[in-house]
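A.B. asks: Just so it is clear, I am handing over target34.cif, which has mmCIF, C-alpha atoms and all ligand atoms.
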data_target
#
loop_
_atom_site.label_atom_id
_atom_site.label_comp_id
_atom_site.auth_asym_id
_atom_site.auth_seq_id
_atom_site.Cartn_x
_atom_site.Cartn_y
_atom_site.Cartn_z
CA MET X 24 103.12 74.05 -64.41
CA THR X 25 104.45 74.09 -60.84
CA LEU X 26 102.41 73.13 -57.81
CA ILE X 27 102.01 76.78 -56.84
CA GLU X 28 100.65 77.51 -60.31
CA ALA X 29 98.43 74.42 -60.20
CA LYS X 30 97.00 75.54 -56.89
CA ASP X 31 96.14 78.91 -58.35
CA TYR X 32 94.62 77.22 -61.41
CA VAL X 33 92.40 74.89 -59.37
CA THR X 34 91.35 77.67 -57.02
CA ARG X 35 90.25 79.89 -59.90
CA LYS X 36 88.28 77.07 -61.52
CA LEU X 37 86.48 76.13 -58.31
CA LYS X 38 85.80 79.75 -57.44
CA SER X 39 84.25 80.39 -60.85
CA ALA X 40 81.87 77.48 -60.21
CA ASP X 41 80.89 78.99 -56.80
CA VAL X 42 82.30 76.09 -54.82
CA PRO X 43 82.02 77.36 -51.23
CA ASP X 44 85.34 76.15 -49.75
CA TYR X 45 87.41 76.59 -52.91
CA LEU X 46 90.73 77.32 -51.12
CA LEU X 47 90.62 74.25 -48.92
CA GLU X 48 89.19 72.08 -51.64
CA SER X 49 91.82 73.01 -54.22
CA ASP X 50 94.43 71.71 -51.78
CA LEU X 51 92.42 68.55 -51.18
CA LEU X 52 92.07 67.85 -54.89
CA LEU X 53 95.79 68.37 -55.43
CA CYS X 54 96.62 66.13 -52.48
CA LYS X 55 94.37 63.44 -53.94
CA VAL X 56 96.07 63.58 -57.32
CA LEU X 57 99.59 63.64 -55.88
CA GLY X 58 98.89 61.21 -53.07
CA CYS X 59 100.33 63.61 -50.50
CA ASP X 60 99.12 65.60 -47.49
CA ARG X 61 98.67 69.38 -47.23
CA ALA X 62 101.96 69.96 -45.41
CA TRP X 63 103.87 68.26 -48.23
CA LEU X 64 101.94 70.28 -50.78
CA LEU X 65 102.84 73.57 -49.09
CA ALA X 66 106.49 72.61 -48.81
CA HIS X 67 106.89 71.62 -52.49
CA GLY X 68 105.45 74.60 -54.35
CA ASP X 69 108.07 74.50 -57.10
CA ARG X 70 107.62 70.80 -57.95
CA GLN X 71 106.47 70.32 -61.56
CA VAL X 72 103.06 68.75 -62.21
CA PHE X 73 103.30 65.91 -64.77
CA ASP X 74 100.92 65.62 -67.70
CA HIS X 75 99.17 62.54 -66.38
CA GLU X 76 98.65 64.29 -63.05
CA LEU X 77 97.20 67.33 -64.78
CA GLU X 78 94.82 65.11 -66.72
CA HIS X 79 93.65 63.45 -63.52
CA LEU X 80 93.36 66.84 -61.82
CA ASN X 81 91.24 68.25 -64.65
CA ALA X 82 88.86 65.30 -64.46
CA LEU X 83 88.35 65.90 -60.71
CA ILE X 84 87.98 69.67 -61.20
CA ASP X 85 85.29 69.10 -63.84
CA ARG X 86 83.29 66.92 -61.48
CA ARG X 87 83.62 69.35 -58.60
CA CYS X 88 82.72 72.32 -60.83
CA ARG X 89 79.48 70.53 -61.67
CA ARG X 90 79.03 70.62 -57.89
CA GLU X 91 79.37 66.91 -57.30
CA PRO X 92 80.12 66.52 -53.57
CA LEU X 93 83.76 65.99 -52.69
CA ALA X 94 82.82 62.89 -50.72
CA TYR X 95 81.45 61.24 -53.88
CA ILE X 96 84.53 62.25 -55.89
CA PHE X 97 86.80 60.75 -53.23
CA GLY X 98 84.45 57.82 -52.60
CA GLU X 99 84.63 58.24 -48.84
CA ALA X 100 83.46 60.34 -45.93
CA PRO X 101 84.54 60.61 -42.29
CA PHE X 102 82.12 59.65 -39.54
CA TYR X 103 82.72 59.03 -35.85
CA GLY X 104 86.48 58.76 -36.31
CA ARG X 105 86.36 56.31 -39.19
CA THR X 106 86.15 56.47 -42.96
CA PHE X 107 82.99 55.17 -44.66
CA LEU X 108 82.67 54.35 -48.34
CA VAL X 109 80.09 56.51 -50.10
CA GLY X 110 79.08 57.38 -53.63
CA GLU X 111 76.14 57.90 -55.92
CA GLY X 112 72.91 56.67 -54.34
CA VAL X 113 73.64 57.16 -50.65
CA LEU X 114 73.43 60.07 -48.21
CA ILE X 115 76.82 61.45 -47.14
CA PRO X 116 77.14 61.06 -43.35
CA ARG X 117 76.74 64.38 -41.53
CA GLN X 118 78.74 65.47 -38.52
CA GLU X 119 75.66 66.26 -36.41
CA THR X 120 74.54 62.63 -36.73
CA GLU X 121 77.55 61.67 -34.58
CA ILE X 122 75.53 62.97 -31.62
CA LEU X 123 72.90 60.34 -32.38
CA VAL X 124 75.66 57.73 -32.04
CA ASP X 125 76.93 59.29 -28.79
CA MET X 126 73.48 59.21 -27.26
CA ALA X 127 72.70 55.69 -28.46
CA LEU X 128 75.98 54.48 -26.92
CA SER X 129 75.12 56.08 -23.61
CA PHE X 130 71.86 54.08 -23.46
CA ALA X 131 72.54 50.79 -25.28
CA LYS X 132 74.69 48.43 -23.26
CA GLU X 133 73.79 45.19 -25.07
CA GLY X 134 71.17 43.68 -27.35
CA VAL X 135 69.77 44.33 -30.80
CA VAL X 136 69.59 47.77 -32.40
CA LEU X 137 67.65 48.56 -35.56
CA ASP X 138 68.97 51.38 -37.74
CA TRP X 139 65.95 52.45 -39.77
CA GLY X 140 67.13 54.08 -43.03
CA THR X 141 70.72 53.01 -42.61
CA GLY X 142 72.12 54.58 -45.80
CA SER X 143 75.89 54.03 -45.72
CA GLY X 144 75.45 52.19 -42.41
CA CYS X 145 77.46 54.88 -40.64
CA VAL X 146 75.23 54.97 -37.53
CA ILE X 147 74.75 51.26 -36.82
CA LEU X 148 78.28 50.27 -37.80
CA SER X 149 79.75 52.94 -35.52
CA LEU X 150 77.59 51.60 -32.67
CA LEU X 151 78.73 48.03 -33.26
CA LEU X 152 82.37 49.05 -33.54
CA GLU X 153 82.22 51.06 -30.33
CA ASN X 154 80.28 48.46 -28.33
CA PRO X 155 81.07 44.79 -29.07
CA SER X 156 78.00 43.63 -27.08
CA LEU X 157 75.58 45.07 -29.62
CA ARG X 158 74.12 43.45 -32.70
CA GLY X 159 72.30 45.28 -35.44
CA ILE X 160 69.76 45.36 -38.22
CA ALA X 161 70.65 47.81 -40.98
CA LEU X 162 67.41 48.54 -42.82
CA ASP X 163 66.98 50.56 -45.97
CA LEU X 164 64.44 50.74 -48.76
CA SER X 165 66.88 51.85 -51.41
CA PRO X 166 68.79 49.09 -53.23
CA LYS X 167 71.63 51.50 -53.99
CA ALA X 168 71.96 52.50 -50.33
CA MET X 169 71.96 48.81 -49.38
CA ARG X 170 74.95 48.22 -51.63
CA TRP X 171 76.88 50.98 -49.86
CA ALA X 172 75.89 49.62 -46.46
CA TRP X 173 77.08 46.18 -47.60
CA ARG X 174 80.45 47.58 -48.68
CA ASN X 175 80.87 49.22 -45.28
CA VAL X 176 79.86 46.09 -43.36
CA ASP X 177 82.51 44.32 -45.42
CA ARG X 178 85.07 47.06 -44.82
CA PHE X 179 84.69 46.75 -41.06
CA GLY X 180 84.32 42.95 -41.01
CA LEU X 181 80.93 43.03 -39.25
CA PHE X 182 78.93 40.43 -41.20
CA ASP X 183 78.52 38.21 -38.13
CA ARG X 184 76.89 41.00 -36.09
CA VAL X 185 74.63 42.82 -38.51
CA VAL X 186 71.72 41.84 -40.73
CA LEU X 187 71.17 43.92 -43.87
CA TRP X 188 67.42 44.24 -44.35
CA HIS X 189 66.02 45.60 -47.57
CA GLU X 190 62.50 46.38 -46.52
CA SER X 191 60.78 49.15 -44.63
CA ALA X 192 57.75 48.08 -42.66
CA ARG X 193 58.54 44.46 -41.80
CA LEU X 194 61.44 43.15 -39.74
CA PRO X 195 63.14 39.73 -39.72
CA ASN X 196 60.66 37.39 -37.94
CA LYS X 197 63.11 36.68 -35.18
CA TRP X 198 62.95 40.28 -33.99
CA GLY X 199 59.71 41.59 -35.47
CA ASP X 200 57.54 41.27 -32.39
CA HIS X 201 58.86 43.27 -29.43
CA GLY X 202 62.33 41.94 -30.18
CA LEU X 203 64.40 45.12 -30.31
CA ASP X 204 66.28 46.84 -27.53
CA MET X 205 66.68 50.06 -29.47
CA ILE X 206 65.80 51.79 -32.73
CA VAL X 207 67.97 54.58 -34.10
CA SER X 208 67.07 56.63 -37.12
CA ASN X 209 68.13 59.68 -39.04
CA PRO X 210 65.09 59.65 -41.33
CA PRO X 211 64.58 61.85 -44.41
CA TYR X 212 63.17 65.10 -43.04
CA ILE X 213 63.27 67.77 -45.75
CA PRO X 214 59.79 68.93 -46.80
CA THR X 215 59.32 67.91 -50.45
CA ALA X 216 58.89 71.49 -51.67
CA ASP X 217 62.14 72.64 -49.99
CA ILE X 218 64.41 70.16 -51.76
CA GLY X 219 64.74 72.37 -54.83
CA PHE X 220 66.23 75.15 -52.68
CA LEU X 221 69.03 73.10 -51.13
CA MET X 222 72.64 73.58 -52.21
CA PRO X 223 73.46 71.99 -55.57
CA GLU X 224 75.66 69.31 -53.99
CA VAL X 225 72.62 68.02 -52.12
CA ARG X 226 69.76 68.70 -54.52
CA LEU X 227 71.53 67.50 -57.68
CA TYR X 228 73.48 64.55 -56.29
CA GLU X 229 72.23 63.10 -53.01
CA PRO X 230 69.36 60.63 -53.31
CA ARG X 231 65.95 62.23 -53.05
CA SER X 232 64.66 59.21 -51.13
CA ALA X 233 67.21 59.96 -48.39
CA LEU X 234 66.07 63.58 -48.12
CA ASP X 235 62.33 63.71 -48.76
CA GLY X 236 60.28 63.78 -45.58
CA GLY X 237 56.93 64.32 -47.28
CA PRO X 238 54.85 67.54 -47.41
CA ASP X 239 55.85 68.87 -43.98
CA GLY X 240 58.98 66.79 -43.37
CA THR X 241 57.41 64.60 -40.67
CA GLN X 242 56.17 61.65 -42.70
CA TRP X 243 58.83 59.17 -41.56
CA TYR X 244 58.60 60.19 -37.91
CA GLY X 245 54.91 59.27 -38.09
CA PHE X 246 55.86 55.93 -39.60
CA LEU X 247 58.38 55.25 -36.85
CA PHE X 248 55.98 56.22 -34.02
CA LYS X 249 53.39 53.86 -35.42
CA ASN X 250 55.76 50.90 -35.72
CA ALA X 251 58.22 51.34 -32.85
CA PRO X 252 55.79 50.28 -30.05
CA LYS X 253 55.32 46.85 -31.63
CA TRP X 254 58.97 46.41 -32.60
CA LEU X 255 60.57 47.49 -29.31
CA LYS X 256 60.76 45.48 -26.12
CA ARG X 257 59.14 47.08 -23.09
CA GLY X 258 61.52 49.72 -21.87
CA GLY X 259 63.19 49.86 -25.30
CA LEU X 260 64.20 53.20 -26.78
CA LEU X 261 63.65 54.98 -30.08
CA LEU X 262 66.24 57.65 -30.88
CA VAL X 263 65.57 59.93 -33.83
CA GLU X 264 67.49 62.78 -35.33
CA VAL X 265 65.06 65.63 -35.94
CA GLY X 266 66.13 68.34 -38.34
CA GLY X 267 64.85 71.55 -39.82
CA ARG X 268 63.53 74.67 -38.17
CA GLY X 269 60.35 74.12 -36.18
CA ARG X 270 60.45 70.39 -36.81
CA GLU X 271 61.27 69.54 -33.20
CA GLU X 272 58.01 71.08 -31.95
CA ALA X 273 56.09 69.45 -34.80
CA VAL X 274 57.55 66.03 -33.98
CA LEU X 275 56.98 66.44 -30.25
CA SER X 276 53.32 67.30 -30.80
CA MET X 277 52.57 64.30 -33.05
CA ASP X 278 50.76 61.17 -31.91
CA HIS X 279 53.48 58.94 -30.42
CA PHE X 280 51.27 55.85 -30.08
CA GLY X 281 52.12 55.35 -26.43
CA LEU X 282 55.85 56.10 -26.68
CA VAL X 283 56.96 58.55 -24.01
CA VAL X 284 59.43 61.39 -24.56
CA HIS X 285 62.49 60.46 -22.50
CA GLU X 286 65.03 63.14 -23.48
CA VAL X 287 65.46 65.95 -25.98
CA LYS X 288 68.97 67.08 -26.87
CA ARG X 289 69.63 70.17 -28.97
CA VAL X 290 72.59 69.62 -31.29
CA ASN X 291 72.52 73.03 -32.99
CA ASN X 292 70.00 75.61 -34.27
CA SER X 293 68.18 73.17 -36.46
CA VAL X 294 69.00 69.64 -35.30
CA SER X 295 67.92 67.75 -32.16
CA ILE X 296 68.01 64.17 -31.01
CA VAL X 297 64.76 63.02 -29.42
CA VAL X 298 64.64 59.86 -27.32
CA PHE X 299 61.35 58.00 -26.80
CA LYS X 300 60.73 55.13 -24.41
CA ASN X 301 58.36 52.25 -25.00
CA GLU X 302 56.87 52.01 -21.51
N1 LIG A 401 71.53 56.75 -41.52
C1 LIG A 401 72.25 57.35 -42.60
C2 LIG A 401 72.95 58.59 -42.14
O1 LIG A 401 72.63 59.13 -41.12
C3 LIG A 401 71.32 57.65 -43.78
C4 LIG A 401 70.20 58.57 -43.43
C5 LIG A 401 69.30 58.87 -44.61
O2 LIG A 401 69.51 58.36 -45.72
N2 LIG A 401 68.33 59.73 -44.42
O3 LIG A 401 73.85 59.08 -42.79
#
Please express the file's structure as structure tokens.
C.D. replies:
Amino acid sequence: MTLIEAKDYVTRKLKSADVPDYLLESDLLLCKVLGCDRAWLLAHGDRQVFDHELEHLNALIDRRCRREPLAYIFGEAPFYGRTFLVGEGVLIPRQETEILVDMALSFAKEGVVLDWGTGSGCVILSLLLENPSLRGIALDLSPKAMRWAWRNVDRFGLFDRVVLWHESARLPNKWGDHGLDMIVSNPPYIPTADIGFLMPEVRLYEPRSALDGGPDGTQWYGFLFKNAPKWLKRGGLLLVEVGGRGREEAVLSMDHFGLVVHEVKRVNNSVSIVVFKNE
């Protein structure tokens, strides 16, 4: 089989499994197996594919045809200009969450930032890498997510600036009582009953605990509003990603326990970043 034939073969397989971006993804799978980039692939259409490469390719195709996300198959995902390690048990970083990082960077000049529900650690680690004056707490309830966060802290050599905290409602004593300059969070916000309707990549593979926002999707916002006023210093900020249609209004009309809405930024049709101040 030549590369041109292999490309046709992969495309047909992915298409028959309803993989949305089957043309692009067939190239990406081939590049992965051959260790090349797309330009090389295009320029070497008549190169023969070896048996061991075909075997590897078939294994990847099988996984993708079961709708496993490409990021899990590759073991990595891009975020804020860097590559984060991801896999089973952790949410794949989303592009819109980069706006949360942008906004946090525009406010946080120094001090301690808590990332509540850190997952892969993509948000807090990007903040620390962009601003060397920040330190962080990467908190998550899921032991599997914690392991991915750990791998990424290791990858970026940030162990001296970040504490991994495997608990939800209690912080390290040192910072627990009005000790934080900022809290950032991209909490789970899908209403429980909607999870079954998400695309297979998400509903079959991404961790439910990273998606499930309770009956109306606002459960974790309520949790954050209740806790942020006692965790933040006076003047400290809480930045949350708010997703899903109508959720912004719902979140803005909740009890904020004294936090004041400081800024609302629309990212796209269904995602906003809301900034609260602890006055
Ligand atoms: N903070 C991580 C991210 O934005 C994980 C969020 C989550 O698991 N809900 O990717």
A.B. asks: Taking only C-alpha atoms and all ligand atoms and a cut-off of 7 Å, can you tell me which residues surround ligand LIG 401 (chain A), written as a VMD selection string?
C.D. replies: chain X and resid 113 to 117 120 140 to 146 208 to 211 233 to 234
A.B. asks: Put those residues in a file: C-alpha atoms, as a CSV table (one decimal), in the frame of the given file.
C.D. replies:
chain,number,residue,atom,x,y,z
X,113,VAL,CA,73.6,57.2,-50.6
X,114,LEU,CA,73.4,60.1,-48.2
X,115,ILE,CA,76.8,61.4,-47.1
X,116,PRO,CA,77.1,61.1,-43.4
X,117,ARG,CA,76.7,64.4,-41.5
X,120,THR,CA,74.5,62.6,-36.7
X,140,GLY,CA,67.1,54.1,-43.0
X,141,THR,CA,70.7,53.0,-42.6
X,142,GLY,CA,72.1,54.6,-45.8
X,143,SER,CA,75.9,54.0,-45.7
X,144,GLY,CA,75.4,52.2,-42.4
X,145,CYS,CA,77.5,54.9,-40.6
X,146,VAL,CA,75.2,55.0,-37.5
X,208,SER,CA,67.1,56.6,-37.1
X,209,ASN,CA,68.1,59.7,-39.0
X,210,PRO,CA,65.1,59.6,-41.3
X,211,PRO,CA,64.6,61.8,-44.4
X,233,ALA,CA,67.2,60.0,-48.4
X,234,LEU,CA,66.1,63.6,-48.1
A.B. asks: Considering all atoms listed in the file, return as a list of chain:residue names whatever protein or nucleic-acid residues lie within 8 Å of stretch 267-270 of chain X, sequence-local ones (same chain, fewer than 4 positions apart) excluded.
C.D. replies: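 Counting only the stated atoms, we get X:Tyr212, X:Ile213, X:Gly240, X:Thr241, X:Val274, X:Asn292, X:Ser293, X:Val294.
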A.B. asks: What is the distance, in Å and to one decimal place, between atom CA of X:Pro155 and atom CA of X:Lys288?
C.D. replies: 25.5 Å
A.B. asks: Is there a way to get, as a ChimeraX atom specification, all residues within 12 Å of the point (86.3, 63.0, -37.6) in file coordinates, counting only C-alpha atoms?
C.D. replies: /X:100-107,116-121
A.B. asks: Near X:Cys54, within 10 Å and counting only C-alpha atoms, which residues show up once chain neighbours fewer than 5 positions away are dropped, as number ranges by chain?
C.D. replies: X: 48-49, 59-64, 80
A.B. asks: Dig up all the protein and nucleic acid residues within 12 Å of (101.4, 67.9, -66.5) in the file frame, using all atoms listed in the file, and format them as a list in words.
C.D. replies: Met24, Thr25, Leu26, Glu28, Ala29, Val56, Leu57, Arg70, Gln71, Val72, Phe73, Asp74, His75, Glu76, Leu77, Glu78, His79, Leu80 and Asn81 of chain X
